[in-house]
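What follows is a set of notes on a single structure, which appears directly below.
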Amino acid sequence: MSTRSTPILSVLTEDLLIRVNEKLVQESDRKTWRLVCKELHRVDSLTRKTLRVLHVEFLLTLLKNYTNLHTLDLSVCPRIDDWTISSLLHHVDHSIWARNLKCLNLSRANGLKFAGLEMLVGACKGLESVDVSYCCGFGDREAAAISGCGGLRELRMDKCLGVSDVGLAKIVVGCGRLERLSLKWCMEISDLGVELLCKKCLELKFLDVSYLKVTSESLRSIASLPKLEDLAMVGCPFVNDVGLQFLENGCPLLQKIDVARCDCVSSYGLSSLIGGHSGLLHIDAGHCFSEVSPSFVKCTQKLKNLNTIIIDGVRGSDTIFQTISSNCKSLIEIGLSKCEGVTNMGIIQLVSGCVNLKIINLTCCRSIADAAISAIAKSCRNLLCLKLESCNMITEKSLEQLGLHCLLLEVLDLTDCCGINDRGLERLSRCSRLLCLKLGLCTNISDKGLFYIASNCSELHELDLYRCKNIGDGGLAALSSGCKKLRKLNLSYCIEVTDKGMKSLGYLEELSDLELRGLDKITSVGLTALVTRCKRLTYLDMKHCEKIDDSGFQVLAYYSRNLRQLNLSYCAITDMTLCMLMGNLTRLQDVDLVHLTNVTVEGFELVLRACCVRIKKIKLVAALSFLLSSEVQGILHARGCKIRWD
């Protein structure tokens with residue numbers, strides 16, 4: 001009798017495999033699935049709906065393999081230009097991959113102009129969402145190409161500085177079904193463009209006109225939008241209380257309003273708006289006015305359903321917090337960053353009524369002490385995020401209360417809280433669901449405190465230890481064994497860290513963002529131990545790591561191919577190695593190369609010519625602006641690269 005077993009995949013139907021594949025949420029799990037065998041790779045190709053491309057040279061192959069895409073993200077793929085799009089449409093049957101495409105992200109695709117956009121829009125006829133934010137060459141002609149997307153529901157054009165009222169007019173005429181539109185930093189758009197927008201796009205539910213030079217006349221136009229739910233106009237210097245009064249009787253469905261940093265808006269104007277919209281869920285008036293009027297306090301009594309209120313920078317009082325506590329029982333988030341007059345009693349009164357608070361920002365509220373934090377911990381048992389930067393009166397007692405009562409806490413910012421010590425971290429470690437912990441400038445913590453965190457907070461994704469001078473190799477060893485999911489780590493100016501600590505960090509294979517600024521005890525040996533294991537690094541800051549030489553940077557060039565942002569300022573790298581590094585790191589888009597004393601002008605010329613096609617931001621010492629050839633600088637500007645002179 002044959003004892004040969006039947007392969008399990010042969011008895012599993014395609015439908016069943018597809019259902020299993022759809023349960024995989026993490027990209028790392030999907031990658032493992034694809035690598036098992038050809039059949040599972042084929043199933044993944046059939047089911048994949050979202051694709052984020054990192055290398056333009058793989059784009060053709062990927063679109064041939066993944067034919068059922070819903071979302072295509074090219075925002076981190078350098079060198080996307082008209083020729084790339086032409087080649088793509090010529091070599092790949094776009095009727096296959098483009099037929100289901102709904103969302104296209106072209107953010108920062110500086111090389112893409114009118115011709116490429118026109119071809120892309122013509123091929124992807126079902127597009128509903130497009131993002132062209134931060135495309136420095138995007139102007140009115142490119143806007144005309146986008147207007148061909150008749151079914152467009154969402155469009156982001158943040159910081160498209162070349163778009164004027166003319167370009168916006170073309171879009172609103174061609175895309176009358178728009179529901180979400182962001183025009184943030186589109187400085188050439190005026191009241192005239194906004195007026196036409198509001199006449200043509202009556203389906204708008206979300207509109208962002210932040211940092212535009214529009215006046216209150218634009219708010220008169222916006223008030224006519226019957227379906228608008230969310231309006232953002234951060235930093236609009238010419239919008240005043242008159243404009244908010246226009247909104248009082250308009251936009252009947254308005255739920256969210258953001259007027260942060262609008263210098264001419266007062267709490268009286270905001271009171272007018274609230275008077276006509278008692279159903280508001282979200283108000284952001286951060287750094288907008290310094291004093292809260294009695295009418296505003298009275299208006300909060302109407303906001304029974306308010307979820308979020310952000311009033312950063314105002315002068316608070318216990319009376320205000322008592323009123324909010326009594327009337328806004330549904331409050332989930334409150335922002336009080338840099339508010340004067342915030343006292344322990346005020347916070348105690350606030351949380352006595354707002355027990356559903358999940359996000360509290362008390363940054364720079366310097367009068368806050370343990371009594372307030374204790375009240376927060378005992379009242380807000382579902383707290384997820386607490387920001388306490390520069391609250392210097394907080395001690396270990398506060399962390400003990402958080403550890404006892406706020407077991408769901410995910411984000412805690414204790415930056416520059418000098419009263420925090422190792423014993424406090426021991427108490428805090430009971431919050432085992434912590435994802436983000438910021439301890440920068442907490443000079444009284446050491447490896448011992450870090451050991452407590454590493455032992456219990458295994459879900460930690462982000463840790464900031466900036467200038468924690470007592471943190472050394474022992475603490476990093478604890479992190480490497482206890483916090484395997486760590487992705488972002490700031491060790492800048494943790495001067496006791498050596499190569500041994502770098503070796504420990506090598507075991508954090510999920511690490512993507514790492515800051516090592518000013519670590520003068522690490523050498524090429526430590527860097528090698530780190531980068532040979534941490535293959536997912538996308539951001540690395542090594543400014544003032546002066547003992548790392550060419551041998552370390554050569555290893556970096558070979559192993560860290562995923563790097564997109566790099567700071568090498570004040571490092572001891574030479575011409576040849578810098579050329580090798582910049583040539584190998586094909587995903588690199590943002591680099592700081594200030595004060596590289598071992599690199600010559602000729603070396604910089606070669607480096608910039610080699611990477612000008614893909615680099616988007618570069619920081620150089622100001623003297624080089626007179627030494628580099630005008631040809632090289634011209635090429636960089638033509639490709640949309642922003643040069644920052646230090």
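Residue names in the structure tokens use chain letters A, B, ... in the order shown, residue numbers from 1 in each chain, and ligand numbers from 1 in the order shown.
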
Go through region 432-522 of chain A and collect every residue that DSSP, computed from the backbone, puts in strand (DSSP E or B); the answer should be as an MDAnalysis selection string.
-> chainID A and resid 436:438 462:464 488:490 513:515

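When the distance limit is 10 Å and only C-alpha atoms are what count, the residues near Asp165 (chain A), minus those fewer than 5 positions from it on the same chain, are A:Asp140, A:Lys170, A:Ile171, A:Cys186, A:Glu188, A:Ile189, A:Ser190, A:Asp191, A:Leu192, A:Gly193, A:Val194, A:Glu195, A:Leu196, A:Leu197.
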
Write out as a list in words which residues come within 7 Å of region 318-333 of chain A when counting only C-alpha atoms, dropping same-chain ones fewer than 2 positions away.
-> Val297, Thr300, Gln301, Leu303, Lys304, Asn305, Leu306, Asn307, Thr308, Ile309, Gly316, Gly335, Met345, Gly346, Gln349, Leu350, Val351, Ser352, Gly353, Cys354, Asn356, Leu357, Lys358, Ile359 and Ile360 of chain A

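Put simply, CA of Leu439 (chain A) is 5.2 Å away from CA of Leu465 (chain A).
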
When DSSP works through the backbone of this structure, what residues of region 165-357 of chain A end up as helix (DSSP H, G or I), shown as a PyMOL selection string?
-> chain A and resi 165-174+191-200+216-222+241-248+267-276+294-302+318-327+344-353

Please provide the set of residues having any atom within 9 Å of Gly276 (chain A), restricted to only C-alpha atoms, with same-chain residues fewer than 6 positions apart removed, written as an MDAnalysis selection string.
-> chainID A and resid 247:250 252

Surrounding residues of Glu631 (chain A) excluding itself and chain neighbours under 6 positions, 10 Å, only C-alpha atoms, as a PyMOL selection string = chain A and resi 605+609+637

So that each row is one residue of region 173-239 of chain A with an atom at most 12 Å from region 150-156 of chain A, can you give its shortest atom pair and the distance in Å to one decimal, using only C-alpha atoms, rows by chain and rising number, as CSV?
residue,atom,partner,partner_atom,distance
A:Val173,CA,A:Gly150,CA,9.2
A:Gly174,CA,A:Gly150,CA,5.8
A:Cys175,CA,A:Gly150,CA,4.9
A:Gly176,CA,A:Gly150,CA,7.4
A:Arg177,CA,A:Arg153,CA,5.9
A:Leu178,CA,A:Arg153,CA,4.2
A:Glu179,CA,A:Arg153,CA,5.1
A:Arg180,CA,A:Glu154,CA,4.6
A:Leu181,CA,A:Leu155,CA,5.0
A:Ser182,CA,A:Arg156,CA,4.7
A:Leu183,CA,A:Arg156,CA,6.7
A:Lys184,CA,A:Arg156,CA,8.5
A:Trp185,CA,A:Arg156,CA,11.1
A:Cys186,CA,A:Arg156,CA,10.7
A:Cys201,CA,A:Arg153,CA,10.3
A:Leu202,CA,A:Arg153,CA,11.8
A:Glu203,CA,A:Arg153,CA,9.0
A:Leu204,CA,A:Arg153,CA,8.8
A:Lys205,CA,A:Glu154,CA,10.0
A:Phe206,CA,A:Glu154,CA,9.1
A:Leu207,CA,A:Arg156,CA,10.0
A:Asp208,CA,A:Arg156,CA,9.2
A:Val209,CA,A:Arg156,CA,11.1

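For the choices A:Val555, A:Ala223, A:Leu161, A:Leu434, the atom-to-atom distance to Cys385 (chain A) is smallest for A:Leu434 when using only C-alpha atoms.
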
Fewer than 5 positions away in the same chain doesn't count, so skip those; otherwise give me all residues within 8 Å of Leu511 (chain A), counting only C-alpha atoms, as a PyMOL selection string.
-> chain A and resi 485-489+534+536-537

Residue neighbourhood Lys500 (chain A), 8 Å, only C-alpha atoms, exclusion window fewer than 4 positions, as a PyMOL selection string | chain A and resi 473+504+526
